[in-house]
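The structure file work.cif is reproduced below (mmCIF, C-alpha atoms and all ligand atoms).
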```
data_coords
#
loop_
_atom_site.label_atom_id
_atom_site.label_comp_id
_atom_site.auth_asym_id
_atom_site.auth_seq_id
_atom_site.Cartn_x
_atom_site.Cartn_y
_atom_site.Cartn_z
CA MET A 1 -14.11 -16.69 -4.95
CA ARG A 2 -10.37 -16.02 -5.40
CA LEU A 3 -8.61 -12.74 -4.56
CA VAL A 4 -5.81 -11.64 -6.88
CA LEU A 5 -3.28 -9.21 -5.35
CA ALA A 6 -1.92 -7.04 -8.16
CA SER A 7 1.16 -6.14 -6.13
CA ALA A 8 4.78 -7.16 -5.54
CA SER A 9 4.50 -5.86 -1.98
CA PRO A 10 5.51 -8.45 0.63
CA ALA A 11 3.80 -6.27 3.23
CA ARG A 12 0.43 -6.38 1.46
CA LEU A 13 0.67 -10.15 1.00
CA ALA A 14 1.63 -10.68 4.66
CA THR A 15 -1.25 -8.45 5.79
CA LEU A 16 -3.79 -10.44 3.78
CA ARG A 17 -2.35 -13.78 4.88
CA GLY A 18 -2.39 -12.62 8.50
CA ALA A 19 -6.11 -11.96 8.05
CA GLY A 20 -6.64 -15.50 6.75
CA VAL A 21 -6.73 -14.76 3.02
CA THR A 22 -4.06 -16.20 0.72
CA PRO A 23 -4.41 -14.36 -2.58
CA ALA A 24 -2.99 -15.24 -5.94
CA VAL A 25 -0.19 -12.72 -6.59
CA GLU A 26 0.34 -11.13 -9.99
CA VAL A 27 2.68 -8.16 -10.20
CA SER A 28 1.24 -5.43 -12.42
CA GLY A 29 4.50 -4.14 -13.91
CA VAL A 30 2.98 -0.64 -14.08
CA ASP A 31 5.53 2.19 -14.50
CA GLU A 32 4.60 4.39 -11.54
CA ASP A 33 6.57 7.34 -12.90
CA ALA A 34 4.38 7.44 -15.98
CA LEU A 35 1.32 8.69 -14.06
CA HIS A 36 0.76 12.15 -12.61
CA ALA A 37 -2.13 13.79 -10.74
CA GLU A 38 -3.00 17.10 -9.12
CA THR A 39 -3.07 15.79 -5.56
CA VAL A 40 -1.46 12.92 -3.63
CA PRO A 41 -4.81 11.15 -3.04
CA ALA A 42 -5.63 11.45 -6.75
CA LEU A 43 -2.21 9.98 -7.62
CA VAL A 44 -2.48 6.92 -5.34
CA SER A 45 -5.99 6.36 -6.71
CA ALA A 46 -4.80 6.53 -10.33
CA LEU A 47 -1.84 4.23 -9.63
CA ALA A 48 -3.96 1.67 -7.78
CA ARG A 49 -6.40 1.65 -10.68
CA ALA A 50 -3.62 1.26 -13.27
CA LYS A 51 -2.15 -1.71 -11.37
CA ALA A 52 -5.52 -3.47 -10.94
CA GLU A 53 -6.55 -2.86 -14.56
CA ALA A 54 -3.23 -4.14 -15.94
CA VAL A 55 -3.64 -7.43 -14.07
CA ALA A 56 -7.39 -7.73 -14.75
CA ARG A 57 -6.79 -7.36 -18.48
CA ARG A 58 -4.23 -10.17 -18.42
CA ARG A 59 -6.44 -12.43 -16.28
CA LEU A 60 -9.45 -11.89 -18.60
CA SER A 61 -7.46 -12.66 -21.73
CA ALA A 62 -5.96 -15.76 -20.11
CA ASP A 63 -9.21 -17.23 -18.79
CA GLY A 64 -12.20 -14.96 -19.00
CA ALA A 65 -14.57 -17.36 -17.27
CA VAL A 66 -12.92 -17.44 -13.84
CA GLU A 67 -14.76 -15.69 -10.98
CA GLU A 68 -12.18 -13.66 -9.07
CA VAL A 69 -11.54 -10.21 -7.63
CA VAL A 70 -8.40 -8.21 -8.45
CA ILE A 71 -7.08 -5.64 -5.92
CA GLY A 72 -4.51 -3.00 -6.81
CA CYS A 73 -3.02 -0.60 -4.24
CA ASP A 74 -0.58 2.28 -4.10
CA SER A 75 0.79 4.09 -1.06
CA LEU A 76 2.43 7.52 -0.74
CA LEU A 77 3.33 9.62 2.30
CA GLU A 78 2.06 13.20 1.98
CA LEU A 79 4.40 15.72 3.62
CA ASP A 80 4.40 19.43 2.81
CA GLY A 81 2.07 18.73 -0.10
CA GLN A 82 4.46 16.26 -1.72
CA GLY A 83 3.73 12.58 -2.36
CA LEU A 84 6.72 10.57 -1.12
CA GLY A 85 7.23 7.01 -2.36
CA LYS A 86 10.38 4.96 -1.91
CA PRO A 87 13.54 7.09 -1.62
CA VAL A 88 15.87 6.67 -4.60
CA ASP A 89 18.95 6.30 -2.39
CA ALA A 90 20.31 6.63 1.14
CA VAL A 91 21.06 10.33 0.68
CA GLU A 92 17.41 11.02 -0.12
CA ALA A 93 16.27 8.83 2.79
CA VAL A 94 18.42 10.84 5.22
CA ARG A 95 17.21 14.13 3.75
CA ARG A 96 13.58 12.98 4.09
CA TRP A 97 14.00 11.93 7.72
CA ARG A 98 15.65 15.23 8.57
CA ALA A 99 12.55 16.95 7.11
CA MET A 100 9.93 14.72 8.76
CA ARG A 101 11.39 14.07 12.25
CA GLY A 102 9.23 15.48 15.04
CA ARG A 103 6.43 16.16 12.52
CA SER A 104 3.39 14.38 11.05
CA GLY A 105 2.52 13.18 7.57
CA VAL A 106 -0.45 11.40 6.02
CA LEU A 107 -0.01 7.96 4.49
CA HIS A 108 -2.56 7.61 1.68
CA THR A 109 -3.23 4.21 0.13
CA GLY A 110 -5.35 3.93 -3.01
CA HIS A 111 -7.42 0.76 -3.34
CA HIS A 112 -8.96 -0.35 -6.65
CA VAL A 113 -11.01 -3.55 -6.85
CA ILE A 114 -12.26 -5.22 -10.04
CA ARG A 115 -14.69 -8.16 -10.00
CA LEU A 116 -14.18 -10.57 -12.91
CA PRO A 117 -15.47 -11.60 -15.32
CA GLY A 118 -18.02 -8.76 -15.36
CA GLY A 119 -15.52 -5.98 -14.64
CA ALA A 120 -17.50 -4.16 -11.94
CA THR A 121 -15.14 -1.88 -9.99
CA ARG A 122 -14.94 0.02 -6.70
CA THR A 123 -12.22 2.42 -5.70
CA ALA A 124 -11.38 4.29 -2.50
CA ILE A 125 -8.50 5.86 -0.59
CA ALA A 126 -7.66 5.30 3.06
CA SER A 127 -5.57 7.94 4.84
CA THR A 128 -3.73 7.55 8.12
CA THR A 129 -1.95 10.37 9.96
CA VAL A 130 1.50 9.29 11.12
CA HIS A 131 3.45 11.10 13.87
CA PHE A 132 7.23 10.75 13.72
CA ALA A 133 9.69 10.86 16.62
CA ASP A 134 12.31 13.59 16.72
CA LEU A 135 15.32 11.42 15.76
CA ASP A 136 18.81 12.86 16.02
CA ASP A 137 21.15 12.70 13.03
CA ALA A 138 22.95 9.59 14.33
CA GLU A 139 19.64 7.70 14.68
CA ILE A 140 18.63 8.71 11.16
CA GLU A 141 21.96 7.53 9.74
CA ALA A 142 21.70 4.24 11.64
CA TYR A 143 18.12 3.60 10.52
CA VAL A 144 18.90 4.41 6.88
CA ALA A 145 21.97 2.14 7.09
CA THR A 146 19.65 -0.83 7.76
CA GLY A 147 18.40 -0.43 4.19
CA GLU A 148 14.74 -0.73 5.20
CA PRO A 149 13.79 2.89 4.41
CA LEU A 150 14.77 2.39 0.76
CA LEU A 151 12.22 -0.40 0.35
CA VAL A 152 9.08 1.37 1.53
CA ALA A 153 6.91 4.36 0.65
CA GLY A 154 7.67 7.29 2.93
CA ALA A 155 11.03 5.74 3.97
CA PHE A 156 9.55 4.31 7.18
CA THR A 157 7.70 1.29 8.49
CA VAL A 158 5.26 1.24 11.38
CA ASP A 159 5.63 -2.55 11.88
CA GLY A 160 9.35 -3.05 11.18
CA LEU A 161 12.67 -1.45 12.15
CA GLY A 162 10.96 1.93 11.88
CA GLY A 163 8.53 1.09 14.68
CA PRO A 164 10.41 3.04 17.41
CA TYR A 165 10.26 6.15 15.22
CA VAL A 166 6.45 6.26 14.83
CA THR A 167 5.07 7.83 18.01
CA GLY A 168 1.43 7.41 17.02
CA ILE A 169 -1.10 7.15 14.21
CA GLU A 170 -4.67 8.30 13.65
CA GLY A 171 -6.50 5.89 11.39
CA ASP A 172 -6.06 2.37 10.09
CA HIS A 173 -2.76 0.66 10.99
CA HIS A 174 -2.80 -1.78 8.08
CA ASN A 175 -3.39 1.09 5.71
CA VAL A 176 0.08 2.37 6.67
CA VAL A 177 1.56 -1.09 6.02
CA GLY A 178 -0.02 -0.99 2.54
CA ILE A 179 -3.61 -2.26 2.45
CA SER A 180 -6.60 -1.30 4.60
CA LEU A 181 -8.45 -4.50 5.57
CA PRO A 182 -11.71 -2.80 6.70
CA LEU A 183 -11.78 -0.71 3.53
CA LEU A 184 -11.12 -3.79 1.38
CA ARG A 185 -13.94 -5.63 3.19
CA ALA A 186 -16.31 -2.73 2.47
CA LEU A 187 -15.31 -2.46 -1.21
CA LEU A 188 -15.76 -6.20 -1.66
CA ALA A 189 -19.18 -6.09 0.05
CA ASP A 190 -20.17 -3.30 -2.34
CA LEU A 191 -19.33 -5.68 -5.18
CA GLY A 192 -21.41 -8.46 -3.61
CA VAL A 193 -18.38 -10.38 -2.32
CA SER A 194 -18.35 -11.39 1.35
CA TRP A 195 -14.95 -11.26 3.05
CA THR A 196 -15.62 -14.65 4.68
CA THR A 197 -15.90 -16.32 1.27
CA LEU A 198 -12.29 -15.29 0.54
CA ARG A 199 -10.86 -16.69 3.76
CA ASP A 200 -8.66 -19.77 3.57
CA PRO A 201 -10.47 -23.01 4.56
CA ALA A 202 -10.23 -23.74 8.30
CA GLY A 203 -7.06 -25.61 9.18
CA SER A 204 -5.16 -24.49 6.10
CA ASP A 205 -1.65 -23.26 6.93
N1 LIG B 1 5.90 -3.47 6.17
C1 LIG B 1 5.63 -2.18 5.83
N2 LIG B 1 5.69 -1.82 4.51
C2 LIG B 1 5.39 -0.52 4.23
C3 LIG B 1 5.07 0.44 5.21
N3 LIG B 1 4.83 1.63 4.55
C4 LIG B 1 5.00 1.41 3.23
N4 LIG B 1 5.31 0.11 3.05
C5 LIG B 1 5.56 -0.58 1.78
C6 LIG B 1 4.29 -1.22 1.25
C7 LIG B 1 4.56 -1.29 -0.22
O1 LIG B 1 5.28 -2.48 -0.51
C8 LIG B 1 5.45 -0.07 -0.47
C9 LIG B 1 4.64 1.06 -1.09
O2 LIG B 1 4.99 1.15 -2.43
P1 LIG B 1 3.94 0.80 -3.59
O3 LIG B 1 2.55 1.16 -3.15
O4 LIG B 1 4.44 1.38 -4.86
O5 LIG B 1 3.98 -0.79 -3.68
P2 LIG B 1 5.19 -1.70 -4.19
O6 LIG B 1 6.08 -0.94 -5.12
O7 LIG B 1 5.84 -2.34 -3.00
O8 LIG B 1 4.44 -2.87 -4.96
P3 LIG B 1 3.41 -2.71 -6.17
O9 LIG B 1 3.71 -1.38 -6.84
O10 LIG B 1 2.03 -2.71 -5.56
O11 LIG B 1 3.66 -3.90 -7.03
O12 LIG B 1 5.94 0.38 0.79
C10 LIG B 1 5.04 0.01 6.58
O13 LIG B 1 4.77 0.78 7.51
N5 LIG B 1 5.31 -1.29 6.82
#
```

Is it possible to give me this structure as structure tokens?
Ligand SMILES: Nc1nc2c(ncn2[C@H]2C[C@H](O)[C@@H](COP(=O)(O)OP(=O)(O)OP(=O)(O)O)O2)c(=O)[nH]1
Amino acid sequence: MRLVLASASPARLATLRGAGVTPAVEVSGVDEDALHAETVPALVSALARAKAEAVARRRLSADGAVEEVVIGCDSLLELDGQGLGKPVDAVEAVRRWRAMRGRSGVLHTGHHVIRLPGGATRTAIASTTVHFADLDDAEIEAYVATGEPLLVAGAFTVDGLGGPYVTGIEGDHHNVVGISLPLLRALLADLGVSWTTLRDPAGSD
């Protein structure tokens, strides 16, 4: 059984490969600004579904007979009731860090899985509380100047240059990076797909 990652995220791909699964990658092309929802969890769920469905539709029309599972994800940091994706520019990244330093937010990642060719789906959200260090203005400016905060939801990474600025988390680490492996395993099992059948053959690079 093949896994198809409906995402351009290098972090999601690296997380899956680190767990021994090399998915096919097909970027959804979904316009994330086109979707709205009442709550942050509802929004990440809707966006994950839109990404997975866009790719599943293309895969079915290209070769409807292939047995594969499509996974779409979307991550947002919830802070003060707002869903924060990637900052639009350095000014916004600095403003965000000045608001979140010394505080906590919740990183929600929506997961939507579609089993082809039948189209059976499962969807779920994983949420991880993230505690941020109390950076001073100079540290914020220096971190934003690396450019990393502009590339990631919430303007921080837990596993990259932002590592020193995350003092702790409650919940799944990989969920913060962009895809929850235990949740994905459970969703796949619910669709009758065993995680071990997705793993790369022993000895593959
Ligand atoms: N390495 C790393 N990446 C993170 C972290 N937090 C968020 N990200 C990345 C993962 C995703 O690439 C991105 C979240 O944005 P999206 O969910 O919209 O995904 P993205 O636009 O990257 O790709 P996609 O829309 O799925 O094609 O931020 C982190 O702690 N570490």

Nearby residues, ligand LIG 1 (chain B), 6 Å, all atoms listed in the file, as number ranges by chain: A: 7-9, 11, 27, 73-75, 152-153, 156-159, 176-178

From A:Val25, A:Ile140, A:Leu181, A:Leu43, residue lying nearest Ala93 of chain A [all atoms listed in the file]: A:Ile140

Would you mind listing what lies within 7 Å of Lys51 of chain A as a PDB file with C-alpha atoms, keeping the file's coordinate frame, with all atoms listed in the file counted and same-chain residues fewer than 4 positions away left out?
```
ATOM      1  CA  ALA A   6      -1.920  -7.040  -8.160  1.00  0.00           C
ATOM      2  CA  SER A  28       1.240  -5.430 -12.420  1.00  0.00           C
ATOM      3  CA  VAL A  30       2.980  -0.640 -14.080  1.00  0.00           C
ATOM      4  CA  LEU A  47      -1.840   4.230  -9.630  1.00  0.00           C
ATOM      5  CA  VAL A  55      -3.640  -7.430 -14.070  1.00  0.00           C
ATOM      6  CA  GLY A  72      -4.510  -3.000  -6.810  1.00  0.00           C
TER       7      GLY A  72
END
```

Residue contacts of His36 of chain A (12 Å, only C-alpha atoms) excluding same-chain residues fewer than 3 positions away, as a list in words: Asp31, Glu32, Asp33, Thr39, Val40, Pro41, Ala42, Leu43, Val44, Ser45, Ala46, Leu47, Ala50 and Gly83 of chain A

A:Gln82, A:Thr15, A:Asn175, A:Thr22 ranked by distance to Thr109 of chain A, top pick (using only C-alpha atoms):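 For Thr109 of chain A, the nearest of the candidates is A:Asn175.
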
Residue nearest Ala138 of chain A among A:Ala65, A:Ile125, A:Ala155, A:Val94 (counting only C-alpha atoms): A:Val94

Pairwise distance for atom CA of Asp80 of chain A and atom CA of Arg96 of chain A, rounded to one decimal in Å: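 Answer for the atom CA of Asp80 of chain A to atom CA of Arg96 of chain A separation: 11.3 Å.
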
Which of A:Pro164, A:Gly20, A:Pro117, A:Gly102 sits closest to Glu67 of chain A [using all atoms listed in the file]: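 Checking each of A:Pro164, A:Gly20, A:Pro117, A:Gly102 against Glu67 of chain A, counting all atoms listed in the file, the winner is A:Pro117.
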
Of the listed residues A:Leu135, A:Val88, A:Ala19, A:Val69, that which approaches Pro149 of chain A most closely, counting all atoms listed in the file: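 Of A:Leu135, A:Val88, A:Ala19, A:Val69, the one nearest Pro149 of chain A, counting all atoms listed in the file, is A:Val88.
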
Who sits within 9 Å of Thr146 of chain A, all atoms listed in the file, same chain under 4 positions skipped, as number ranges by chain: A: 141-142, 161

For Leu60 of chain A, the nearest of the candidates A:Pro182, A:Gly85, A:Gly119, A:Gly154, counting all atoms listed in the file: A:Gly119
